[in-house]
Amino acid sequence: MNFKRIQWIFLLAFLLFDIIVGSSLVLETRFTVSNGQQNRQSAVLKEMKNDSISYGELTGKRQTGYYIAGKRSADNGVLEQESNKLRNQDAHFSSETLTSEFDDPLKINPENPAKRLNQLVMNKKMVVLGKHYRYNEQLSDKNTIVYSQVLEGLPLVGSDGQLRFRVNSDHEVTGYTQTYLQDVEVLRQRSNTISQRRAVTWLYKHNQIPNNSRILWANLSYAKLLNTTTDNKAVYVPTWVVEIRTKNSGAVQRLQVNAFNSTVMKESPDSVNTNSLNNN
Amino acid sequence: MIRKLKTNWQAIALTVVVIISLVLSWIIWTNPFPYEGARHENFSNSQSQQFTPQSMGDVYLPTKAIQTGKDGRQNQLFSQKANLVLSVKKQLQGWKLGRTSIVKRDNSDVYLSYLRRRNSLMLTYPDEIPSSVFNETFSQAIDTARVGQINHIVIPLNGQREIYLLSDHRYGVYQVRVSKGSTSKVKRLLAPMKKIPVDHKIINGTAVMMYPRSFELPVIGYQITSQNIDNLSASLMSTSQHTTITANRSGNETIYTDGTNKRLIYNRSIGTMKYENYLSKDDRESTSLIYPHFYTKLTKIGIPLDNIRYDSASAHGRRLTYRSYVNGFPIFNNNEYGEVTMESTSGGNERYWMSLYSLQVPLPINHQNVKLPSSTEVINQLHATNRLKDVNNLRLGYAWKTENKNHRTVKLVPTYFVKYRGHWVEYTYLEK
């Protein structure tokens, strides 16, 4: 056997070794359990594509949130008291809602309504407690512009903390209704939530997403989980709100997934009697 | 030159591949994959698993955070809002830890001085964890052969480029170099935390944390959630083989068997379960892999892991207990609700103890605080009852009382617990 041939054999043997060991190192991930889940998730996403469910980019990043308690501002609550400061409008408070009509309608740009309205919301004479609200593009349409109350960095969905501006056909804001969540209190330490991708794949696996549909958006928000009898406070939980449009009919539906334990949120929240907790 | 390369290209290529192979060998040598064995159960997609946002690193987390000031005063940090341990974990995950060396072993005085190290933050595990779990939790690769078990992580806040890992077993103190990372963000996290004065001592050869002064903690309300026994039994008894599961009632118990090696005993009156799986000796999990193995099992049972943390290890590290925690404090219940114990015997038997009940949603309640005595006072009181000799541990925690069955809510009340004849009981129980 000549030297050249031996050299060839060595070269091939080492090359093979390098490829096998190198690729096993590259493919290896440190945490095998989550690795398996990742793989399952991408398999589910593939299945969704096969069922012609389209979606934008979904992040696999986990986020964090709290259990939060608060109560809707009622008669003699913060919102009603503050509303005395309002000017240039006709405002009245009833059934836990402040309703107001502007003296002069306000022209807005329908393409970018927030530009003008952000200024208005921050003006204490025009809107009270405005700094607690943020423009919510997804919930707004051409007739209503919605600002959601922000709890610990996330918007509150549902009727307990919202500013809804009415827009007429001339792109003018004529007035608004306002609700406010007061006495907001964090109930438990910050904890991890499921990721956006997990929320969507979970809904799919539980047959909540119809075939041939499009996922318009999926946002992390706070939604009401429970009503309690402690001072009429309710408990709010981080929730993935997912909006889906069926491609054929164009029907739009909104699904909510509890981001702490991945269960579908109920239409009407449970009520819990907490009287026994408040007795000494 | 080019001609030379052309004629010798084989030799050059050979040299290159040999060098690459040496580099690869070196990488494998220095980075052992600690959980190689766990890969076997990776794709066993047998049952629909409840998605939990709790990763393995979230279950095996330190539960206590203790700050030692420049004057040497120690405080346990807690908060109803900020999750300090989770935030520090996130910071440490971005660090790069380097070489590990032994500072000292078998010297309790030196050990105590590190537990009380001035100007530091110490994260304490409820019980020892293997260093491989530390690596997993904090995305590090410290030398697991050198550091066996870890009880405390000491992070100096004076800009020192190292942290210390302490092991109560044999008083091991290990120094780990910090090649990348800064404590400035960690320091900022400490400011909003509430404080309880504490002190560390070594009593009868065990490192313990004492509360030298009386203090107050809030009462906390929770909603109790209950799992469905049918779902739990299905997920526990499911097998790949075609076996039929039979359920027999006798007295208060329902016993599920699959005819071969699995058995579940469910106590209907109190809602507790004991599960047994007789594996052969060869199928049992090796001790080094018990922590990831039981984490995987825990996620598959389908109980909520929201508030669940690793709490203790026994039976030479083959029996692990997980417990519900609230704001960093452990929760104790007479029926062991909110608790899961998992054991893999050396004979191959796998056993779990758990219940249907867990705490999930915290509830708003009118604010009430409970004034707690100092731990010295508690010990003196126990001394007076003459039962101190049977007590071998003292912890601060919350009592989950289930006297009233119909209630779906519970008031968690802070108090001290002692380990009396192998069980955790409220210290006032011994005074009766």
# chains A, B, ... in the order shown; residues from 1 in each chain; ligands from 1

$ interface_residues --of "chain A" --to "chain B" --cutoff "7 Å" --atoms "only C-alpha atoms" --output "list in words"
Leu11, Phe14, Leu15, Asp18, Gly22, Arg30, Thr32, Val33, Gly36, Ala69, Val186, Leu187, Arg188, Gln189, Arg190, Asn192, Thr193, Ile194, Thr230, Val235, Phe260, Asn261, Ser262, Leu277 and Asn278 of chain A

$ residues_around --residues "Ile196 of chain B" --least-positions-apart "6" --cutoff "9 Å" --atoms "only C-alpha atoms" --output "PyMOL selection string"
chain B and resi 74-78+211+213-216

$ write_last_selection --atoms "C-alpha atoms" --output "mmCIF file, in the first residue's frame"
data_model
loop_
_atom_site.group_PDB
_atom_site.id
_atom_site.type_symbol
_atom_site.label_atom_id
_atom_site.label_comp_id
_atom_site.auth_asym_id
_atom_site.auth_seq_id
_atom_site.Cartn_x
_atom_site.Cartn_y
_atom_site.Cartn_z
ATOM 1 C CA GLN B 74 -29.145 40.565 56.828
ATOM 2 C CA ASN B 75 -32.664 40.912 55.472
ATOM 3 C CA GLN B 76 -34.906 38.495 53.662
ATOM 4 C CA LEU B 77 -36.423 40.308 50.689
ATOM 5 C CA PHE B 78 -40.008 39.733 49.609
ATOM 6 C CA TYR B 211 -35.689 35.511 62.363
ATOM 7 C CA ARG B 213 -37.015 39.972 65.571
ATOM 8 C CA SER B 214 -40.779 39.913 65.397
ATOM 9 C CA PHE B 215 -42.315 41.049 62.083
ATOM 10 C CA GLU B 216 -45.541 41.200 60.101
#

$ residues_around --residues "Ser269 of chain B" --least-positions-apart "6" --cutoff "12 Å" --atoms "only C-alpha atoms" --output "list in words"
Gly251, Asn252, Glu253, Thr254, Asn335, Ser355, Leu356 and Lys405 of chain B

$ write_last_selection --atoms "C-alpha atoms" --output "PDB file, in the first residue's frame"
ATOM      1  CA  GLY B 251     -64.328   1.835  51.303  1.00  0.00           C
ATOM      2  CA  ASN B 252     -63.127   5.347  50.708  1.00  0.00           C
ATOM      3  CA  GLU B 253     -60.665   4.288  48.066  1.00  0.00           C
ATOM      4  CA  THR B 254     -60.805   3.671  44.357  1.00  0.00           C
ATOM      5  CA  ASN B 335     -53.625  16.721  53.833  1.00  0.00           C
ATOM      6  CA  SER B 355     -53.912  15.471  45.503  1.00  0.00           C
ATOM      7  CA  LEU B 356     -56.655  16.885  43.316  1.00  0.00           C
ATOM      8  CA  LYS B 405     -64.736  21.450  53.063  1.00  0.00           C
TER       9      LYS B 405
END

$ closest_residue --among "A:Asn88, A:Ser24, A:Ser213, A:Gln41" --to "Asn123 of chain A" --atoms "only C-alpha atoms"
A:Asn88

$ residues_around --residues "Pro62 of chain B" --least-positions-apart "3" --cutoff "12 Å" --atoms "only C-alpha atoms" --output "VMD selection string"
chain B and resid 57 to 59 65 to 66 83 to 89 122 to 129 133 to 134 137 to 138 150 to 154 309 to 312 325 328 to 330

$ write_last_selection --atoms "C-alpha atoms" --output "PDB file, in the first residue's frame"
ATOM      1  CA  GLY B  57     -35.596  26.280  35.483  1.00  0.00           C
ATOM      2  CA  ASP B  58     -38.751  27.853  36.916  1.00  0.00           C
ATOM      3  CA  VAL B  59     -39.555  24.849  39.081  1.00  0.00           C
ATOM      4  CA  ALA B  65     -33.419  36.114  48.594  1.00  0.00           C
ATOM      5  CA  ILE B  66     -31.259  37.515  51.383  1.00  0.00           C
ATOM      6  CA  ASN B  83     -40.541  38.521  41.515  1.00  0.00           C
ATOM      7  CA  LEU B  84     -36.956  39.130  42.514  1.00  0.00           C
ATOM      8  CA  VAL B  85     -35.708  35.592  41.978  1.00  0.00           C
ATOM      9  CA  LEU B  86     -37.203  35.467  38.471  1.00  0.00           C
ATOM     10  CA  SER B  87     -35.652  38.842  37.592  1.00  0.00           C
ATOM     11  CA  VAL B  88     -32.233  37.903  38.960  1.00  0.00           C
ATOM     12  CA  LYS B  89     -32.459  34.634  37.061  1.00  0.00           C
ATOM     13  CA  MET B 122     -27.751  35.469  48.460  1.00  0.00           C
ATOM     14  CA  LEU B 123     -30.288  33.249  46.730  1.00  0.00           C
ATOM     15  CA  THR B 124     -31.148  30.180  48.752  1.00  0.00           C
ATOM     16  CA  TYR B 125     -32.715  26.959  47.539  1.00  0.00           C
ATOM     17  CA  PRO B 126     -35.176  25.235  49.879  1.00  0.00           C
ATOM     18  CA  ASP B 127     -32.938  22.162  49.643  1.00  0.00           C
ATOM     19  CA  GLU B 128     -29.863  21.098  47.741  1.00  0.00           C
ATOM     20  CA  ILE B 129     -29.893  20.887  43.936  1.00  0.00           C
ATOM     21  CA  VAL B 133     -29.730  21.937  37.459  1.00  0.00           C
ATOM     22  CA  PHE B 134     -28.045  25.241  38.305  1.00  0.00           C
ATOM     23  CA  THR B 137     -31.695  27.222  35.243  1.00  0.00           C
ATOM     24  CA  PHE B 138     -29.154  29.975  34.655  1.00  0.00           C
ATOM     25  CA  ILE B 150     -25.690  23.705  45.656  1.00  0.00           C
ATOM     26  CA  ASN B 151     -27.765  25.282  48.446  1.00  0.00           C
ATOM     27  CA  HIS B 152     -26.915  28.972  48.137  1.00  0.00           C
ATOM     28  CA  ILE B 153     -25.747  31.364  45.435  1.00  0.00           C
ATOM     29  CA  VAL B 154     -23.876  34.368  46.825  1.00  0.00           C
ATOM     30  CA  ARG B 309     -41.529  24.836  43.332  1.00  0.00           C
ATOM     31  CA  TYR B 310     -39.028  22.175  44.154  1.00  0.00           C
ATOM     32  CA  ASP B 311     -38.952  21.947  47.940  1.00  0.00           C
ATOM     33  CA  SER B 312     -36.843  19.069  49.206  1.00  0.00           C
ATOM     34  CA  TYR B 325     -45.239  28.747  47.194  1.00  0.00           C
ATOM     35  CA  GLY B 328     -41.477  33.174  48.042  1.00  0.00           C
ATOM     36  CA  PHE B 329     -42.932  31.455  51.126  1.00  0.00           C
ATOM     37  CA  PRO B 330     -43.847  27.759  51.273  1.00  0.00           C
TER      38      PRO B 330
END

$ select_by_dssp --residues "segment 54-127 of chain A" --states "strand (DSSP E)" --output "VMD selection string"
chain A and resid 54 64 to 65 68 to 72 89 to 94 97 to 107

$ write_last_selection --atoms "C-alpha atoms" --output "PDB file, in the first residue's frame"
ATOM      1  CA  SER A  54     -52.727  31.717   7.475  1.00  0.00           C
ATOM      2  CA  THR A  64     -44.679  37.864  32.074  1.00  0.00           C
ATOM      3  CA  GLY A  65     -47.726  39.208  33.866  1.00  0.00           C
ATOM      4  CA  ILE A  68     -54.534  41.952  39.131  1.00  0.00           C
ATOM      5  CA  ALA A  69     -57.554  43.030  41.159  1.00  0.00           C
ATOM      6  CA  GLY A  70     -59.571  46.187  40.644  1.00  0.00           C
ATOM      7  CA  LYS A  71     -63.105  47.486  40.645  1.00  0.00           C
ATOM      8  CA  ARG A  72     -65.016  49.427  38.077  1.00  0.00           C
ATOM      9  CA  GLN A  89     -68.489  69.328  26.841  1.00  0.00           C
ATOM     10  CA  ASP A  90     -71.694  67.986  28.292  1.00  0.00           C
ATOM     11  CA  ALA A  91     -70.822  65.033  30.547  1.00  0.00           C
ATOM     12  CA  HIS A  92     -72.966  62.885  32.798  1.00  0.00           C
ATOM     13  CA  PHE A  93     -72.264  59.766  34.816  1.00  0.00           C
ATOM     14  CA  SER A  94     -74.650  56.815  35.060  1.00  0.00           C
ATOM     15  CA  THR A  97     -70.063  54.955  32.655  1.00  0.00           C
ATOM     16  CA  LEU A  98     -69.202  58.551  31.874  1.00  0.00           C
ATOM     17  CA  THR A  99     -70.877  59.758  28.691  1.00  0.00           C
ATOM     18  CA  SER A 100     -69.837  63.035  27.128  1.00  0.00           C
ATOM     19  CA  GLU A 101     -70.748  65.163  24.128  1.00  0.00           C
ATOM     20  CA  PHE A 102     -68.210  67.734  22.885  1.00  0.00           C
ATOM     21  CA  ASP A 103     -69.428  71.300  22.348  1.00  0.00           C
ATOM     22  CA  ASP A 104     -67.368  71.449  19.155  1.00  0.00           C
ATOM     23  CA  PRO A 105     -66.660  68.274  17.169  1.00  0.00           C
ATOM     24  CA  LEU A 106     -62.993  67.581  16.618  1.00  0.00           C
ATOM     25  CA  LYS A 107     -61.626  66.872  13.137  1.00  0.00           C
TER      26      LYS A 107
END

$ residues_around --residues "Thr239 of chain A" --least-positions-apart "6" --cutoff "7 Å" --atoms "only C-alpha atoms" --output "list of chain:residue names"
A:Leu220, A:Ser221, A:Tyr222, A:Ala223, A:Gln256, A:Val257, A:Asn258, A:Ala259

$ select_by_dssp --residues "segment 231-342 of chain B" --states "alpha helix (DSSP H)" --output "NGL selection string"
:B and (231-237 or 290-301)

$ write_last_selection --atoms "C-alpha atoms" --output "compact mmCIF listing (two decimals), in the first residue's frame"
# COMPACT_ATOMS: atom_id res chain seq x y z
CA ASN B 231 -58.38 13.09 33.59
CA LEU B 232 -55.60 12.56 36.10
CA SER B 233 -56.08 8.79 36.22
CA ALA B 234 -56.15 8.67 32.43
CA SER B 235 -52.91 10.59 32.08
CA LEU B 236 -51.19 8.61 34.84
CA MET B 237 -52.37 5.17 33.72
CA ILE B 290 -33.85 12.41 38.63
CA TYR B 291 -34.37 16.19 38.57
CA PRO B 292 -35.12 16.55 34.83
CA HIS B 293 -36.94 13.20 34.82
CA PHE B 294 -39.41 14.22 37.52
CA TYR B 295 -39.87 17.66 35.98
CA THR B 296 -40.96 15.99 32.74
CA LYS B 297 -43.31 13.68 34.65
CA LEU B 298 -44.73 16.64 36.56
CA THR B 299 -45.65 18.48 33.35
CA LYS B 300 -47.31 15.35 31.99
CA ILE B 301 -49.62 14.64 34.92

$ atom_distance --atom1 "atom CA of Asn212 of chain A" --atom2 "atom CA of Glu57 of chain A"
17.7 Å

$ residues_around --residues "Gln196 of chain A" --least-positions-apart "6" --cutoff "7 Å" --atoms "only C-alpha atoms" --output "mmCIF file with N, CA and C atoms, in the first residue's frame"
data_model
loop_
_atom_site.group_PDB
_atom_site.id
_atom_site.type_symbol
_atom_site.label_atom_id
_atom_site.label_comp_id
_atom_site.auth_asym_id
_atom_site.auth_seq_id
_atom_site.Cartn_x
_atom_site.Cartn_y
_atom_site.Cartn_z
ATOM 1 N N LEU A 58 -45.330 34.639 14.389
ATOM 2 C CA LEU A 58 -45.739 34.390 15.772
ATOM 3 C C LEU A 58 -44.488 34.223 16.623
ATOM 4 N N THR A 59 -44.414 34.978 17.710
ATOM 5 C CA THR A 59 -43.205 34.883 18.514
ATOM 6 C C THR A 59 -43.322 33.775 19.552
ATOM 7 N N GLY A 60 -42.219 33.072 19.754
ATOM 8 C CA GLY A 60 -42.179 31.998 20.738
ATOM 9 C C GLY A 60 -41.666 32.472 22.082
ATOM 10 N N ALA A 218 -52.838 38.638 17.389
ATOM 11 C CA ALA A 218 -52.879 37.957 18.690
ATOM 12 C C ALA A 218 -52.105 38.819 19.673
#

$ closest_residue --among "B:Thr345, B:Asn369, B:Gln91, B:Asn380" --to "Gly317 of chain B" --atoms "only C-alpha atoms"
B:Thr345

$ closest_residue --among "A:Thr228, A:Ser140, A:Asn248, A:Ser191" --to "Tyr67 of chain A" --atoms "only C-alpha atoms"
A:Ser191

$ residues_around --residues "Pro269 of chain A" --least-positions-apart "6" --cutoff "10 Å" --atoms "only C-alpha atoms" --output "JSON, numbers by chain"
{"A": [223, 224, 225, 226, 227, 234, 235]}

$ closest_residue --among "B:Val340, B:Val370, B:Tyr427, B:Ile303" --to "Arg319 of chain B" --atoms "only C-alpha atoms"
B:Val340

$ atom_distance --atom1 "atom CA of Ser120 of chain B" --atom2 "atom CA of Thr183 of chain B"
10.1 Å

$ decode --residues "segment 90-105 of chain B" --atoms "C-alpha atoms" --output "PDB file, in the first residue's frame"
ATOM      1  CA  LYS B  90     -33.016  36.586  33.853  1.00  0.00           C
ATOM      2  CA  GLN B  91     -29.970  38.722  34.619  1.00  0.00           C
ATOM      3  CA  LEU B  92     -27.740  35.759  35.444  1.00  0.00           C
ATOM      4  CA  GLN B  93     -28.782  34.026  32.246  1.00  0.00           C
ATOM      5  CA  GLY B  94     -27.043  36.825  30.373  1.00  0.00           C
ATOM      6  CA  TRP B  95     -23.844  36.384  32.342  1.00  0.00           C
ATOM      7  CA  LYS B  96     -20.923  34.248  31.376  1.00  0.00           C
ATOM      8  CA  LEU B  97     -19.461  32.242  34.218  1.00  0.00           C
ATOM      9  CA  GLY B  98     -15.960  30.908  33.886  1.00  0.00           C
ATOM     10  CA  ARG B  99     -13.585  28.795  35.910  1.00  0.00           C
ATOM     11  CA  THR B 100     -14.688  27.175  39.163  1.00  0.00           C
ATOM     12  CA  SER B 101     -12.409  26.579  42.126  1.00  0.00           C
ATOM     13  CA  ILE B 102     -12.801  25.277  45.658  1.00  0.00           C
ATOM     14  CA  VAL B 103     -12.332  27.911  48.352  1.00  0.00           C
ATOM     15  CA  LYS B 104     -12.838  25.747  51.403  1.00  0.00           C
ATOM     16  CA  ARG B 105     -14.484  22.578  52.626  1.00  0.00           C
TER      17      ARG B 105
END
